[in-house]
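First up is the structure itself, then whatever we jot down about it.
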Amino acid sequence: MHTDTRIEIDQDVCIGAGQCAMAAPNVFTQDDDGFSMLLPGREDGGGDPMVREAARACPVSAITVSEG
């Protein structure tokens, strides 16, 4: 069963803690200012099982993982 996962980062909330990039480095990275961003082509998480853990690790809950 294939689910359509979508990851969103609220840049207005992100504080650049980097927890997501440490938890799921195949999906998240940080820009030049240290704020979280998705790697190109990984907007759906690329099937990485650590995506939800990365969202949970965010200290300000800036990451939303939705399926639909």
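Ordered as shown in the structure tokens, chains take letters A, B, and onward, while each chain numbers its residues from 1 and ligands are numbered from 1 in the order shown.
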
Checklist line | Shell of 7 Å around region 7-19 of chain A, only C-alpha atoms, local chain residues under 4 positions omitted, as a ChimeraX atom specification | finding: /A:23,34-36,43-45,54,57-58,60,62-66

Note to self: Among region 3-67 of chain A, which residues does DSSP mark as strand (DSSP E) when it is run on the backbone? Keep the chain and numbering as in the structure and answer as a VMD selection string.
What the structure shows: chain A and resid 5 to 9 28 to 30 36 to 38 63 to 67

File of the preceding selection, all heavy atoms, as a compact mmCIF listing (two decimals), in the first residue's frame:
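Everything below was put into again_6.txt:
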```
# COMPACT_ATOMS: atom_id res chain seq x y z
N THR A 5 2.69 10.88 1.08
CA THR A 5 3.17 11.64 2.22
C THR A 5 3.64 13.01 1.75
O THR A 5 4.24 13.14 0.69
CB THR A 5 4.34 10.90 2.89
OG1 THR A 5 3.90 9.61 3.30
CG2 THR A 5 4.85 11.65 4.11
N ARG A 6 3.35 14.01 2.57
CA ARG A 6 3.80 15.37 2.26
C ARG A 6 4.39 15.98 3.53
O ARG A 6 3.80 15.92 4.59
CB ARG A 6 2.62 16.21 1.76
CG ARG A 6 3.00 17.64 1.49
CD ARG A 6 2.07 18.29 0.48
NE ARG A 6 2.49 19.65 0.20
CZ ARG A 6 3.45 19.98 -0.64
NH1 ARG A 6 4.14 19.05 -1.25
NH2 ARG A 6 3.76 21.24 -0.86
N ILE A 7 5.55 16.58 3.38
CA ILE A 7 6.25 17.20 4.50
C ILE A 7 6.28 18.70 4.28
O ILE A 7 6.60 19.17 3.19
CB ILE A 7 7.69 16.68 4.60
CG1 ILE A 7 7.70 15.17 4.72
CG2 ILE A 7 8.41 17.32 5.79
CD1 ILE A 7 9.04 14.55 4.46
N GLU A 8 5.93 19.43 5.31
CA GLU A 8 5.99 20.89 5.23
C GLU A 8 6.76 21.43 6.43
O GLU A 8 6.62 20.92 7.53
CB GLU A 8 4.58 21.48 5.20
CG GLU A 8 3.81 21.10 3.95
CD GLU A 8 2.42 21.70 3.93
OE1 GLU A 8 2.21 22.77 4.52
OE2 GLU A 8 1.54 21.07 3.33
N ILE A 9 7.57 22.44 6.18
CA ILE A 9 8.32 23.11 7.24
C ILE A 9 7.81 24.55 7.31
O ILE A 9 7.84 25.28 6.32
CB ILE A 9 9.82 23.14 6.95
CG1 ILE A 9 10.36 21.71 6.78
CG2 ILE A 9 10.57 23.87 8.06
CD1 ILE A 9 11.78 21.64 6.26
N PHE A 28 16.11 15.98 5.30
CA PHE A 28 16.25 17.37 5.74
C PHE A 28 17.69 17.85 5.68
O PHE A 28 18.62 17.08 5.88
CB PHE A 28 15.76 17.52 7.19
CG PHE A 28 14.31 17.19 7.38
CD1 PHE A 28 13.92 15.92 7.76
CD2 PHE A 28 13.33 18.14 7.17
CE1 PHE A 28 12.58 15.61 7.95
CE2 PHE A 28 11.98 17.84 7.34
CZ PHE A 28 11.62 16.57 7.74
N THR A 29 17.85 19.13 5.43
CA THR A 29 19.15 19.77 5.52
C THR A 29 18.92 21.16 6.10
O THR A 29 17.81 21.50 6.49
CB THR A 29 19.84 19.84 4.13
OG1 THR A 29 21.18 20.31 4.31
CG2 THR A 29 19.08 20.75 3.18
N GLN A 30 19.97 21.95 6.18
CA GLN A 30 19.83 23.32 6.68
C GLN A 30 20.38 24.28 5.64
O GLN A 30 21.38 23.99 4.97
CB GLN A 30 20.57 23.48 8.00
CG GLN A 30 19.90 22.71 9.14
CD GLN A 30 20.70 22.77 10.42
OE1 GLN A 30 21.70 22.09 10.55
NE2 GLN A 30 20.25 23.59 11.35
N SER A 36 15.91 24.91 8.64
CA SER A 36 15.61 23.63 8.01
C SER A 36 15.00 23.79 6.63
O SER A 36 14.24 24.71 6.37
CB SER A 36 14.63 22.84 8.88
OG SER A 36 15.26 22.53 10.10
N MET A 37 15.36 22.86 5.76
CA MET A 37 14.76 22.78 4.44
C MET A 37 14.81 21.34 3.97
O MET A 37 15.58 20.53 4.49
CB MET A 37 15.46 23.71 3.45
CG MET A 37 16.94 23.47 3.28
SD MET A 37 17.74 24.68 2.21
CE MET A 37 17.24 24.09 0.60
N LEU A 38 13.93 21.02 3.05
CA LEU A 38 13.89 19.68 2.49
C LEU A 38 14.92 19.57 1.38
O LEU A 38 15.12 20.52 0.62
CB LEU A 38 12.50 19.38 1.93
CG LEU A 38 11.39 19.30 2.97
CD1 LEU A 38 10.04 19.34 2.30
CD2 LEU A 38 11.54 18.04 3.80
N ILE A 63 7.55 21.21 11.80
CA ILE A 63 7.41 20.26 10.71
C ILE A 63 6.09 19.55 10.79
O ILE A 63 5.70 19.04 11.84
CB ILE A 63 8.55 19.23 10.77
CG1 ILE A 63 9.91 19.93 10.66
CG2 ILE A 63 8.40 18.18 9.66
CD1 ILE A 63 11.08 19.05 11.00
N THR A 64 5.39 19.52 9.66
CA THR A 64 4.13 18.80 9.57
C THR A 64 4.28 17.67 8.56
O THR A 64 4.74 17.91 7.43
CB THR A 64 3.00 19.74 9.09
OG1 THR A 64 2.90 20.83 9.99
CG2 THR A 64 1.66 19.00 9.05
N VAL A 65 3.93 16.46 8.96
CA VAL A 65 3.93 15.31 8.06
C VAL A 65 2.49 14.88 7.89
O VAL A 65 1.82 14.53 8.86
CB VAL A 65 4.77 14.14 8.61
CG1 VAL A 65 4.76 12.97 7.66
CG2 VAL A 65 6.21 14.59 8.89
N SER A 66 2.01 14.96 6.65
CA SER A 66 0.62 14.58 6.40
C SER A 66 0.56 13.51 5.32
O SER A 66 1.45 13.43 4.47
CB SER A 66 -0.21 15.80 6.01
OG SER A 66 0.36 16.45 4.91
N GLU A 67 -0.47 12.71 5.37
CA GLU A 67 -0.68 11.68 4.36
C GLU A 67 -2.08 11.83 3.80
O GLU A 67 -3.01 12.09 4.53
CB GLU A 67 -0.48 10.30 4.97
CG GLU A 67 0.93 10.05 5.44
CD GLU A 67 1.12 8.71 6.08
OE1 GLU A 67 0.26 7.84 5.93
OE2 GLU A 67 2.15 8.53 6.75
```

Next item on the list: Identify, on the basis of only C-alpha atoms, every residue whose closest approach to Gly47 (chain A) does not exceed 12 Å; exclude the query and any residue fewer than 6 positions from it along the same chain; express the result as a list of chain:residue names.
Entry: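 Everything that qualifies: A:His2, A:Thr3, A:Asp4, A:Thr5, A:Arg6, A:Ile7, A:Ala24, A:Asn26, A:Val27, A:Gly41.
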
Next item on the list: Enumerate, as an NGL selection string, the complete set of residues in chain A that a backbone-based DSSP assignment places in alpha helix (DSSP H).
Entry: :A and (19-23 or 51-57)

Check: Any idea what the distance is between CA of Met50 (chain A) and CA of Cys20 (chain A)?
Finding: 9.1 Å
